[in-house]
>>> print(open('my_file_15.cif').read())   # mmCIF, C-alpha atoms and all ligand atoms
data_target
loop_
_atom_site.label_atom_id
_atom_site.label_comp_id
_atom_site.auth_asym_id
_atom_site.auth_seq_id
_atom_site.Cartn_x
_atom_site.Cartn_y
_atom_site.Cartn_z
CA LYS A 1 19.68 27.71 -1.81
CA LYS A 2 16.74 29.31 -3.54
CA THR A 3 17.62 32.25 -5.78
CA VAL A 4 15.83 35.38 -6.93
CA ARG A 5 15.14 33.62 -10.26
CA GLU A 6 13.00 31.02 -8.50
CA ILE A 7 10.50 33.37 -6.90
CA ASP A 8 7.85 35.63 -8.40
CA VAL A 9 9.05 39.19 -7.79
CA ARG A 10 6.73 40.92 -10.24
CA GLY A 11 5.35 44.10 -8.70
CA LYS A 12 6.49 43.05 -5.21
CA ARG A 13 8.26 45.08 -2.56
CA VAL A 14 11.70 43.47 -2.34
CA LEU A 15 14.23 44.25 0.38
CA VAL A 16 17.73 43.69 -0.99
CA ARG A 17 20.62 43.44 1.48
CA ALA A 18 23.64 44.60 -0.52
CA ASP A 19 27.23 45.15 0.57
CA PHE A 20 27.86 48.79 -0.29
CA ASN A 21 30.69 48.99 2.23
CA VAL A 22 32.96 50.79 -0.24
CA PRO A 23 36.32 52.37 0.54
CA LEU A 24 36.18 56.17 0.91
CA ASP A 25 39.07 58.52 0.15
CA GLU A 26 40.26 61.37 2.38
CA ASP A 27 37.64 63.72 0.97
CA GLY A 28 34.91 61.21 1.79
CA ALA A 29 34.32 60.29 -1.86
CA ILE A 30 33.95 56.70 -3.07
CA ALA A 31 37.46 55.43 -3.82
CA ASP A 32 36.39 52.23 -5.59
CA ASP A 33 32.86 51.36 -6.69
CA THR A 34 33.48 47.68 -7.50
CA ARG A 35 30.98 46.54 -4.89
CA ILE A 36 28.30 48.92 -6.20
CA ARG A 37 28.81 47.72 -9.77
CA ALA A 38 28.66 44.11 -8.60
CA SER A 39 25.14 44.66 -7.26
CA LEU A 40 23.76 45.95 -10.57
CA PRO A 41 22.66 42.62 -12.11
CA THR A 42 20.30 41.86 -9.22
CA ILE A 43 18.90 45.41 -9.10
CA ARG A 44 18.35 45.45 -12.86
CA TYR A 45 16.74 42.01 -12.74
CA LEU A 46 14.24 43.27 -10.16
CA CYS A 47 13.54 46.58 -11.91
CA GLU A 48 12.90 44.82 -15.22
CA ARG A 49 10.18 42.86 -13.42
CA ASP A 50 8.59 45.98 -11.97
CA ALA A 51 9.56 45.07 -8.42
CA ARG A 52 9.79 47.92 -5.94
CA VAL A 53 13.44 47.70 -4.92
CA ILE A 54 14.36 48.63 -1.35
CA LEU A 55 18.13 48.46 -0.96
CA CYS A 56 19.94 48.35 2.37
CA SER A 57 23.56 48.11 3.48
CA HIS A 58 26.08 49.10 6.09
CA LEU A 59 29.00 51.45 5.39
CA GLY A 60 32.04 51.51 7.62
CA ARG A 61 31.89 50.83 11.32
CA PRO A 62 29.82 53.57 12.97
CA LYS A 63 29.21 52.86 16.63
CA GLY A 64 25.41 52.61 16.47
CA VAL A 65 24.93 56.35 15.92
CA VAL A 66 24.67 58.62 12.89
CA GLU A 67 28.02 59.59 11.38
CA GLU A 68 27.47 62.14 8.65
CA ARG A 69 30.35 60.96 6.46
CA LEU A 70 28.97 57.42 6.47
CA ARG A 71 25.56 58.32 5.08
CA LEU A 72 24.58 56.19 2.11
CA VAL A 73 23.47 59.12 -0.06
CA LEU A 74 26.94 58.85 -1.64
CA VAL A 75 26.16 55.34 -2.77
CA ALA A 76 22.65 56.28 -3.91
CA ASN A 77 24.09 58.98 -6.15
CA ARG A 78 26.61 56.61 -7.71
CA LEU A 79 23.98 53.93 -8.18
CA SER A 80 21.67 56.37 -9.84
CA VAL A 81 24.36 57.17 -12.44
CA LEU A 82 25.14 53.50 -13.01
CA LEU A 83 21.49 52.49 -13.29
CA ASP A 84 20.52 55.63 -15.20
CA GLN A 85 17.46 56.13 -13.03
CA PRO A 86 16.73 57.94 -9.76
CA VAL A 87 17.75 56.19 -6.54
CA VAL A 88 16.20 57.88 -3.53
CA ALA A 89 18.36 57.91 -0.37
CA LEU A 90 16.12 57.71 2.70
CA ARG A 91 17.29 59.31 5.94
CA ASP A 92 16.73 56.23 8.11
CA CYS A 93 16.28 52.50 7.61
CA ILE A 94 13.22 51.93 9.81
CA GLY A 95 10.33 53.99 11.13
CA PRO A 96 7.12 55.68 9.93
CA GLU A 97 8.80 57.99 7.40
CA VAL A 98 10.58 55.08 5.75
CA GLU A 99 7.35 53.09 5.75
CA SER A 100 5.39 55.83 4.01
CA ALA A 101 8.18 56.42 1.46
CA VAL A 102 8.14 52.72 0.65
CA ALA A 103 4.34 52.64 0.45
CA ALA A 104 4.48 55.41 -2.18
CA MET A 105 6.87 53.50 -4.48
CA ASN A 106 5.86 52.40 -7.97
CA GLY A 107 6.98 49.29 -9.81
CA GLY A 108 10.60 49.65 -10.98
CA ASP A 109 11.44 52.33 -8.39
CA VAL A 110 14.63 52.03 -6.32
CA VAL A 111 15.23 53.45 -2.84
CA LEU A 112 18.24 53.02 -0.57
CA LEU A 113 17.73 52.89 3.19
CA GLU A 114 20.16 54.70 5.48
CA ASN A 115 23.28 52.97 6.89
CA LEU A 116 22.01 50.01 8.94
CA ARG A 117 24.80 50.40 11.49
CA PHE A 118 23.49 53.80 12.62
CA HIS A 119 21.29 51.56 14.78
CA PRO A 120 23.14 49.45 17.38
CA GLU A 121 20.41 46.80 16.94
CA GLU A 122 21.80 45.84 13.53
CA LYS A 123 25.01 44.28 14.88
CA LYS A 124 23.21 42.79 17.87
CA ASP A 125 20.76 41.01 15.56
CA ASP A 126 17.94 42.54 17.57
CA PRO A 127 14.69 40.69 16.70
CA ALA A 128 12.45 43.79 16.92
CA PHE A 129 14.79 45.71 14.57
CA ALA A 130 14.82 42.81 12.10
CA GLU A 131 11.02 42.70 12.23
CA ARG A 132 10.78 46.43 11.49
CA LEU A 133 13.05 46.04 8.47
CA ALA A 134 11.11 43.00 7.28
CA ARG A 135 7.83 44.91 7.55
CA LEU A 136 8.94 47.11 4.63
CA ALA A 137 8.86 44.26 2.12
CA GLU A 138 7.26 41.06 0.87
CA ILE A 139 10.45 39.32 -0.24
CA TYR A 140 14.03 39.41 1.07
CA VAL A 141 17.03 39.05 -1.21
CA ASN A 142 20.54 38.64 0.17
CA ASP A 143 23.04 39.93 -2.37
CA ALA A 144 25.58 41.01 0.26
CA PHE A 145 28.17 38.25 -0.11
CA GLY A 146 30.74 40.48 1.63
CA ALA A 147 28.59 40.75 4.76
CA SER A 148 27.22 37.21 4.85
CA HIS A 149 29.73 36.06 7.49
CA ARG A 150 28.14 38.56 9.91
CA ALA A 151 25.17 37.28 11.93
CA HIS A 152 23.57 40.74 11.95
CA ALA A 153 19.87 41.65 11.85
CA SER A 154 19.75 42.51 8.13
CA VAL A 155 21.66 39.32 7.27
CA VAL A 156 20.16 36.61 9.49
CA GLY A 157 17.23 38.29 11.33
CA VAL A 158 15.13 39.56 8.42
CA PRO A 159 15.06 36.21 6.57
CA GLU A 160 13.17 34.73 9.51
CA HIS A 161 10.18 36.91 8.58
CA LEU A 162 10.07 36.79 4.78
CA PRO A 163 10.58 34.44 1.85
CA ALA A 164 14.37 34.74 1.64
CA VAL A 165 16.42 34.10 -1.50
CA ALA A 166 19.93 34.67 -2.86
CA GLY A 167 20.65 37.50 -5.27
CA LEU A 168 22.64 37.00 -8.46
CA LEU A 169 25.93 38.21 -6.96
CA LEU A 170 25.61 36.01 -3.90
CA GLU A 171 24.79 33.05 -6.14
CA LYS A 172 27.86 33.70 -8.31
CA GLU A 173 30.22 34.11 -5.34
CA ILE A 174 29.03 31.00 -3.53
CA GLY A 175 28.90 28.95 -6.73
CA THR A 176 32.44 29.93 -7.73
CA PHE A 177 34.02 29.10 -4.37
CA ALA A 178 32.06 25.86 -4.06
CA ARG A 179 33.13 24.76 -7.55
CA ILE A 180 36.84 25.38 -7.11
CA LEU A 181 36.94 23.86 -3.64
CA GLU A 182 34.88 20.78 -4.41
CA ASP A 183 35.56 20.00 -8.05
CA PRO A 184 38.49 22.01 -9.39
CA GLU A 185 40.05 21.36 -12.74
CA ARG A 186 43.58 20.16 -11.94
CA PRO A 187 46.35 21.04 -11.37
CA PHE A 188 44.86 23.29 -8.70
CA ALA A 189 47.12 25.86 -7.01
CA ALA A 190 46.47 28.24 -4.14
CA VAL A 191 48.52 31.37 -3.55
CA ILE A 192 48.23 32.55 0.02
CA GLY A 193 49.90 35.68 1.30
CA GLY A 194 49.26 38.59 3.61
CA ALA A 195 50.83 39.74 6.81
CA LYS A 196 50.03 36.97 9.27
CA VAL A 197 49.67 33.20 9.37
CA SER A 198 47.15 33.54 12.19
CA ASP A 199 44.70 35.33 9.86
CA LYS A 200 44.90 32.49 7.35
CA LEU A 201 45.35 29.36 9.45
CA GLU A 202 41.85 28.00 8.89
CA VAL A 203 42.14 28.73 5.18
CA LEU A 204 45.51 26.97 4.98
CA ASP A 205 44.17 24.00 6.92
CA ASN A 206 41.25 23.58 4.54
CA ILE A 207 43.06 24.35 1.32
CA ILE A 208 46.01 22.03 1.91
CA SER A 209 43.71 19.04 1.56
CA ARG A 210 42.37 20.27 -1.79
CA VAL A 211 45.26 21.71 -3.82
CA ASP A 212 48.15 20.25 -5.79
CA THR A 213 50.37 23.26 -5.10
CA LEU A 214 50.41 25.76 -2.27
CA ILE A 215 52.41 28.95 -2.76
CA ILE A 216 53.19 31.09 0.27
CA GLY A 217 54.17 34.77 0.08
CA GLY A 218 53.74 38.01 1.99
CA GLY A 219 54.85 38.75 5.53
CA MET A 220 53.61 35.37 6.69
CA ALA A 221 56.39 33.68 4.71
CA ALA A 222 58.64 34.72 7.63
CA THR A 223 56.91 32.25 9.97
CA PHE A 224 57.18 29.47 7.35
CA LEU A 225 60.88 30.25 6.85
CA ALA A 226 61.45 30.26 10.60
CA SER A 227 59.71 26.89 10.91
CA ARG A 228 62.20 25.52 8.35
CA GLY A 229 64.98 26.81 10.58
CA TYR A 230 65.97 29.96 8.68
CA GLY A 231 66.51 33.32 10.34
CA ALA A 232 63.92 35.89 9.30
CA GLY A 233 65.86 39.05 10.23
CA ALA A 234 63.61 41.56 11.92
CA SER A 235 60.47 40.18 10.22
CA TYR A 236 57.56 39.34 12.45
CA VAL A 237 57.67 35.62 13.23
CA GLU A 238 54.55 34.25 14.91
CA THR A 239 56.26 31.94 17.36
CA ASP A 240 52.92 30.66 18.64
CA ARG A 241 52.11 29.45 15.10
CA LEU A 242 55.35 27.58 14.40
CA ASP A 243 53.81 24.25 15.42
CA ALA A 244 50.75 24.83 13.25
CA VAL A 245 53.01 25.67 10.31
CA ARG A 246 55.09 22.54 10.92
CA ARG A 247 51.91 20.44 10.87
CA LEU A 248 50.88 22.06 7.59
CA GLU A 249 54.27 21.18 6.11
CA GLU A 250 53.81 17.57 7.28
CA ARG A 251 50.35 17.36 5.77
CA ALA A 252 51.67 18.80 2.51
CA THR A 253 54.35 16.09 2.42
CA GLU A 254 51.88 13.31 3.25
CA ARG A 255 49.47 14.42 0.56
CA GLY A 256 52.11 15.12 -2.07
CA VAL A 257 51.25 18.83 -2.17
CA ARG A 258 54.06 21.04 -3.49
CA LEU A 259 54.51 23.76 -0.90
CA LEU A 260 56.56 26.65 -2.30
CA LEU A 261 58.13 29.41 -0.23
CA PRO A 262 59.91 32.38 -1.82
CA GLY A 263 63.56 31.53 -2.59
CA ASP A 264 64.47 35.20 -2.49
CA VAL A 265 62.90 38.24 -0.90
CA VAL A 266 63.01 42.03 -0.97
CA VAL A 267 64.08 43.34 2.43
CA ALA A 268 64.16 46.78 3.97
CA GLU A 269 64.79 48.32 7.35
CA ARG A 270 61.30 49.75 7.50
CA LEU A 271 58.11 49.25 5.50
CA GLU A 272 58.08 52.81 4.18
CA ALA A 273 58.25 54.44 0.78
CA GLY A 274 61.71 55.69 -0.15
CA VAL A 275 63.74 53.35 2.10
CA PRO A 276 66.68 51.49 0.52
CA THR A 277 65.79 47.92 -0.47
CA ARG A 278 67.81 44.79 -1.20
CA VAL A 279 67.08 41.43 -2.77
CA VAL A 280 68.54 38.57 -0.73
CA PRO A 281 68.15 34.78 -0.65
CA ALA A 282 65.39 33.83 1.78
CA ALA A 283 67.95 31.76 3.69
CA GLU A 284 70.18 34.79 4.25
CA ILE A 285 68.00 37.61 5.54
CA PRO A 286 70.32 40.10 7.25
CA ASP A 287 69.75 41.09 10.87
CA GLY A 288 67.50 44.10 11.28
CA ARG A 289 65.86 43.67 7.85
CA ILE A 290 62.16 42.97 7.27
CA ILE A 291 60.65 40.97 4.42
CA ALA A 292 58.72 43.51 2.33
CA ASP A 293 58.04 41.51 -0.84
CA ILE A 294 58.97 38.30 -2.62
CA GLY A 295 62.09 38.62 -4.77
CA PRO A 296 62.32 38.49 -8.58
CA GLY A 297 63.54 34.88 -8.48
CA ALA A 298 60.53 33.83 -6.44
CA ALA A 299 58.22 35.78 -8.77
CA ASP A 300 59.74 33.85 -11.72
CA GLU A 301 59.34 30.51 -9.98
CA PHE A 302 55.78 31.20 -8.81
CA SER A 303 54.81 32.43 -12.30
CA ARG A 304 56.21 29.27 -13.91
CA GLU A 305 54.36 27.08 -11.43
CA LEU A 306 51.10 28.96 -11.94
CA ALA A 307 51.39 28.81 -15.74
CA GLY A 308 50.94 25.03 -15.53
CA SER A 309 47.82 25.22 -13.35
CA ARG A 310 44.25 24.93 -14.57
CA THR A 311 42.70 26.46 -11.44
CA VAL A 312 44.22 29.08 -9.15
CA VAL A 313 42.78 30.74 -6.09
CA TRP A 314 44.68 33.67 -4.63
CA ASN A 315 44.23 35.34 -1.25
CA GLY A 316 46.73 37.72 0.30
CA PRO A 317 49.32 39.97 -1.36
CA MET A 318 52.96 38.93 -1.85
CA GLY A 319 54.29 42.11 -0.29
CA VAL A 320 53.33 45.55 0.94
CA PHE A 321 51.95 46.42 -2.53
CA GLU A 322 50.52 49.76 -1.40
CA ILE A 323 54.14 51.01 -1.36
CA PRO A 324 55.54 51.08 -4.93
CA GLU A 325 58.94 49.64 -3.94
CA PHE A 326 57.26 46.53 -2.56
CA ALA A 327 54.54 46.02 -5.19
CA GLU A 328 56.41 44.03 -7.80
CA GLY A 329 55.87 40.54 -6.38
CA THR A 330 52.12 41.08 -6.09
CA ARG A 331 52.02 42.58 -9.58
CA ARG A 332 53.93 39.60 -11.05
CA VAL A 333 51.56 37.09 -9.46
CA ALA A 334 48.57 39.12 -10.68
CA ALA A 335 50.06 39.13 -14.19
CA ALA A 336 50.68 35.37 -14.06
CA LEU A 337 47.02 34.81 -13.19
CA ALA A 338 45.83 37.28 -15.83
CA ASN A 339 47.72 35.30 -18.49
CA LEU A 340 46.49 31.92 -17.34
CA ARG A 341 44.13 29.94 -19.54
CA GLY A 342 42.18 28.39 -16.72
CA THR A 343 40.01 29.40 -13.80
CA THR A 344 41.39 32.24 -11.67
CA VAL A 345 39.65 33.30 -8.50
CA ILE A 346 40.73 36.35 -6.52
CA GLY A 347 39.71 35.79 -2.94
CA GLY A 348 38.71 39.25 -1.85
CA GLY A 349 39.95 41.96 0.50
CA SER A 350 43.34 43.48 -0.26
CA THR A 351 44.00 40.93 -3.03
CA THR A 352 40.98 42.28 -4.89
CA ASP A 353 42.24 45.83 -4.24
CA ALA A 354 45.62 44.90 -5.73
CA VAL A 355 44.17 43.33 -8.87
CA VAL A 356 41.85 46.31 -9.38
CA ARG A 357 44.77 48.71 -8.86
CA PHE A 358 46.87 46.87 -11.47
CA GLY A 359 43.97 47.07 -13.92
CA LEU A 360 43.83 43.27 -14.23
CA ALA A 361 40.43 42.54 -12.66
CA ASP A 362 38.74 42.00 -16.03
CA GLN A 363 41.23 39.28 -16.90
CA MET A 364 40.29 37.07 -13.95
CA THR A 365 37.51 34.49 -13.94
CA HIS A 366 36.14 35.84 -10.68
CA VAL A 367 37.16 38.70 -8.40
CA SER A 368 35.42 38.26 -5.09
CA THR A 369 33.69 41.21 -3.44
CA GLY A 370 34.11 39.62 -0.01
CA GLY A 371 36.92 40.00 2.53
CA GLY A 372 36.06 38.06 5.66
CA ALA A 373 33.29 36.26 3.78
CA ALA A 374 35.73 34.96 1.16
CA LEU A 375 38.08 33.77 3.91
CA THR A 376 35.17 31.95 5.55
CA MET A 377 34.37 30.19 2.26
CA LEU A 378 38.03 29.28 1.71
CA ALA A 379 38.14 27.90 5.23
CA GLY A 380 35.24 25.62 4.27
CA LYS A 381 32.92 27.12 6.86
CA PRO A 382 29.25 28.03 6.35
CA LEU A 383 28.17 31.66 5.98
CA PRO A 384 25.34 32.55 8.40
CA GLY A 385 23.73 34.79 5.77
CA VAL A 386 23.51 31.89 3.35
CA THR A 387 22.34 29.35 5.92
CA ALA A 388 19.46 31.73 6.77
CA LEU A 389 18.03 31.62 3.21
CA ASP A 390 15.25 29.34 1.99
CA ASP A 391 16.34 26.02 0.53
CA ALA A 392 16.05 25.51 -3.21
CA GLY A 393 12.75 23.95 -4.08
CA THR A 394 10.79 25.43 -1.14
CA PRO A 395 7.51 26.88 -2.40
C1 LIG A 401 33.66 43.83 4.45
O1 LIG A 401 34.07 44.94 4.07
O2 LIG A 401 34.40 42.83 4.52
C2 LIG A 401 32.20 43.68 4.74
O3 LIG A 401 31.47 44.75 4.25
C3 LIG A 401 31.98 43.49 6.21
O4 LIG A 401 32.36 44.63 6.94
P1 LIG A 401 32.72 44.51 8.50
O5 LIG A 401 34.01 43.77 8.58
O6 LIG A 401 32.77 45.92 9.00
O7 LIG A 401 31.61 43.70 9.13
#
>>> encode(input="my_file_15.cif", output="structure tokens")
Amino acid sequence: KKTVREIDVRGKRVLVRADFNVPLDEDGAIADDTRIRASLPTIRYLCERDARVILCSHLGRPKGVVEERLRLVLVANRLSVLLDQPVVALRDCIGPEVESAVAAMNGGDVVLLENLRFHPEEKKDDPAFAERLARLAEIYVNDAFGASHRAHASVVGVPEHLPAVAGLLLEKEIGTFARILEDPERPFAAVIGGAKVSDKLEVLDNIISRVDTLIIGGGMAATFLASRGYGAGASYVETDRLDAVRRLEERATERGVRLLLPGDVVVAERLEAGVPTRVVPAAEIPDGRIIADIGPGAADEFSRELAGSRTVVWNGPMGVFEIPEFAEGTRRVAAALANLRGTTVIGGGSTTDAVVRFGLADQMTHVSTGGGAALTMLAGKPLPGVTALDDAGTP
């Protein structure tokens, strides 16, 4: 796809779709600004070329009406500090007031439109809404990797009206996933965890045909263990996925993929802080106990396996890492990746949260800013927001 470097942006009005959907804490403050920081290269690139930068994004899931705590002024203020220049937060994203504010901009100025999802038309990909957004600018840049799996007006509607190119973050995200999936340096390992197999089935299906090793952790290990005939205690076993898991195991065997399950696990009666925990062999999970994390033996084995890999992609935590008692497995895998001399890609969502929380993000090759979008890439499926952009080489 065509990128922002292949189009003349000098002095132009440029509408940048960013993903500023940042987590907020209880007081409504920004809990983690990773996504805001990730958008800086594109914004700086445009400002340096005297473009008039019109940023837009969604925040949270408002139901098509204004929700005060989801106003983007929070993000504008943070951006302004990071960019060291004023970022004006507008009170809407379309309409005459927005149009006149945009018309008054000078080269190098930055404004941020109000939360797109305050209008129900955004999620419906309403053509008239997309046209009104497009009217604000001469060029459209998609830098919202994290929202590119959504066929919403600002993602797929606006590019129908304007020259539409990828921003630097989008380019980096897409390029990284494409490279590791299509031409990884081997051995190539994937670590897949998280609560449920059903969330990751398409990813597992795609990745099994590409990796040398597949490591399974997290709550979903219960369904894999059950498919091998072990009892999983009171862990949630997705009985409707047992066949799918069996087929994955068969494909792994056919292709010579090493499929590793945790040999031991941390179990508890409930997934709560302060409950007593025990480490047990995965084949001997007591009745009434739930898998809360991989065990220390599994962490050792996974770490050893990963140390020999040249490329690792990781999506899904090894345990309920938000609770300190169940964080160790996730921390050990994060540390194994941080120490690896090879390509390490953190596939977004809670895995990114974990790596950021452990302070290891800087030691990874790439930490994705996408949740659902990263899963879509790992599943080998196209992202509507990328498909909508101009092809490379188009004038
Ligand atoms: C995300 O956080 O994954 C993106 O910003 C998309 O948000 P959504 O799931 O509310 O569409």
>>> closest_atom_pairs(input="my_file_15.cif", of="stretch 165-256 of chain A", to="stretch 300-308 of chain A", cutoff="9 Å", atoms="all atoms listed in the file", output="tab-separated table")
residue	atom	partner	partner_atom	distance
A:Pro187	CA	A:Gly308	CA	7.4
A:Ala189	CA	A:Leu306	CA	7.1
A:Val191	CA	A:Phe302	CA	9.0
A:Thr213	CA	A:Glu305	CA	8.4
A:Ile215	CA	A:Phe302	CA	7.3
>>> closest_atom_pairs(input="my_file_15.cif", of="chain A", to="ligand LIG 401 (chain A)", cutoff="10 Å", atoms="all atoms listed in the file", output="tab-separated table")
residue	atom	partner	partner_atom	distance
A:Ala18	CA	A:LIG401	O3	9.2
A:Asp19	CA	A:LIG401	O3	5.6
A:Phe20	CA	A:LIG401	O3	7.1
A:Asn21	CA	A:LIG401	O3	4.8
A:Val22	CA	A:LIG401	O1	7.4
A:Pro23	CA	A:LIG401	O1	8.5
A:Arg35	CA	A:LIG401	O3	9.3
A:Ser57	CA	A:LIG401	O3	8.6
A:His58	CA	A:LIG401	O3	7.2
A:Leu59	CA	A:LIG401	O3	7.2
A:Gly60	CA	A:LIG401	O6	5.8
A:Arg61	CA	A:LIG401	O6	5.5
A:Pro62	CA	A:LIG401	O6	9.1
A:Arg117	CA	A:LIG401	O6	9.5
A:Lys123	CA	A:LIG401	O7	8.8
A:Ala144	CA	A:LIG401	O3	8.0
A:Phe145	CA	A:LIG401	C2	8.3
A:Gly146	CA	A:LIG401	C2	4.7
A:Ala147	CA	A:LIG401	C3	4.6
A:Ser148	CA	A:LIG401	C3	8.0
A:His149	CA	A:LIG401	C3	7.9
A:Arg150	CA	A:LIG401	O7	6.3
A:Ala151	CA	A:LIG401	O7	9.5
A:His152	CA	A:LIG401	O7	9.0
A:Gly348	CA	A:LIG401	O2	8.5
A:Gly349	CA	A:LIG401	O2	6.9
A:Thr369	CA	A:LIG401	O2	8.2
A:Gly370	CA	A:LIG401	O2	5.6
A:Gly371	CA	A:LIG401	O2	4.3
A:Gly372	CA	A:LIG401	O2	5.2
A:Ala373	CA	A:LIG401	O2	6.7
A:Ala374	CA	A:LIG401	O2	8.7
A:Leu375	CA	A:LIG401	O2	9.8
>>> atom_distance(input="my_file_15.cif", atom1="atom CA of A:Leu40", atom2="atom CA of A:Asp126")
28.9 Å
>>> closest_residue(input="my_file_15.cif", among="A:Gly157, A:Gly347, A:Pro262, A:Gly233", to="A:Ala361", atoms="all atoms listed in the file")
A:Gly347
>>> residues_around(input="my_file_15.cif", residues="A:Ala178", least_positions_apart="4", cutoff="9 Å", atoms="all atoms listed in the file", output="count of residues only")
7
>>> closest_residue(input="my_file_15.cif", among="A:Arg228, A:Arg10, A:Lys2, A:Arg270", to="A:Glu48", atoms="all atoms listed in the file")
A:Arg10
>>> atom_distance(input="my_file_15.cif", atom1="atom CA of A:Asp84", atom2="atom CA of A:Val356")
24.0 Å
>>> atom_distance(input="my_file_15.cif", atom1="atom CA of A:His161", atom2="atom CA of A:Ala134")
6.3 Å
>>> residues_around(input="my_file_15.cif", residues="A:Arg251", least_positions_apart="6", cutoff="12 Å", atoms="all atoms listed in the file", output="list in words")
Leu204, Asp205, Asn206, Ile207, Ile208, Ser209, Arg210, Val211, Leu214, Ala244, Val245, Val257, Arg258 and Leu259 of chain A
>>> decode(input="my_file_15.cif", residues="stretch 204-217 of chain A", atoms="N, CA and C atoms", output="tab-separated table (two decimals), in the first residue's frame")
chain	number	residue	atom	x	y	z
A	204	LEU	N	-4.66	-19.88	15.67
A	204	LEU	CA	-3.99	-21.18	15.79
A	204	LEU	C	-3.98	-21.91	14.46
A	205	ASP	N	-5.10	-21.86	13.76
A	205	ASP	CA	-5.22	-22.52	12.46
A	205	ASP	C	-4.20	-21.99	11.46
A	206	ASN	N	-4.02	-20.68	11.47
A	206	ASN	CA	-3.08	-20.06	10.53
A	206	ASN	C	-1.63	-20.31	10.95
A	207	ILE	N	-1.39	-20.15	12.25
A	207	ILE	CA	-0.01	-20.14	12.73
A	207	ILE	C	0.61	-21.55	12.70
A	208	ILE	N	-0.24	-22.55	12.86
A	208	ILE	CA	0.29	-23.93	12.92
A	208	ILE	C	0.98	-24.32	11.61
A	209	SER	N	0.56	-23.67	10.51
A	209	SER	CA	1.18	-24.02	9.24
A	209	SER	C	2.44	-23.19	8.98
A	210	ARG	N	2.81	-22.35	9.93
A	210	ARG	CA	3.96	-21.46	9.70
A	210	ARG	C	5.10	-21.66	10.69
A	211	VAL	N	4.79	-22.16	11.89
A	211	VAL	CA	5.81	-22.20	12.95
A	211	VAL	C	6.52	-23.55	13.02
A	212	ASP	N	7.65	-23.54	13.74
A	212	ASP	CA	8.34	-24.78	14.07
A	212	ASP	C	7.89	-25.28	15.44
A	213	THR	N	7.54	-24.34	16.32
A	213	THR	CA	7.10	-24.70	17.67
A	213	THR	C	5.88	-23.89	18.04
A	214	LEU	N	4.91	-24.54	18.65
A	214	LEU	CA	3.73	-23.83	19.15
A	214	LEU	C	3.61	-24.12	20.64
A	215	ILE	N	3.65	-23.05	21.43
A	215	ILE	CA	3.57	-23.19	22.88
A	215	ILE	C	2.20	-22.68	23.33
A	216	ILE	N	1.52	-23.50	24.11
A	216	ILE	CA	0.17	-23.13	24.57
A	216	ILE	C	0.20	-22.90	26.07
A	217	GLY	N	-0.38	-21.77	26.50
A	217	GLY	CA	-0.50	-21.50	27.94
A	217	GLY	C	-1.84	-20.83	28.21
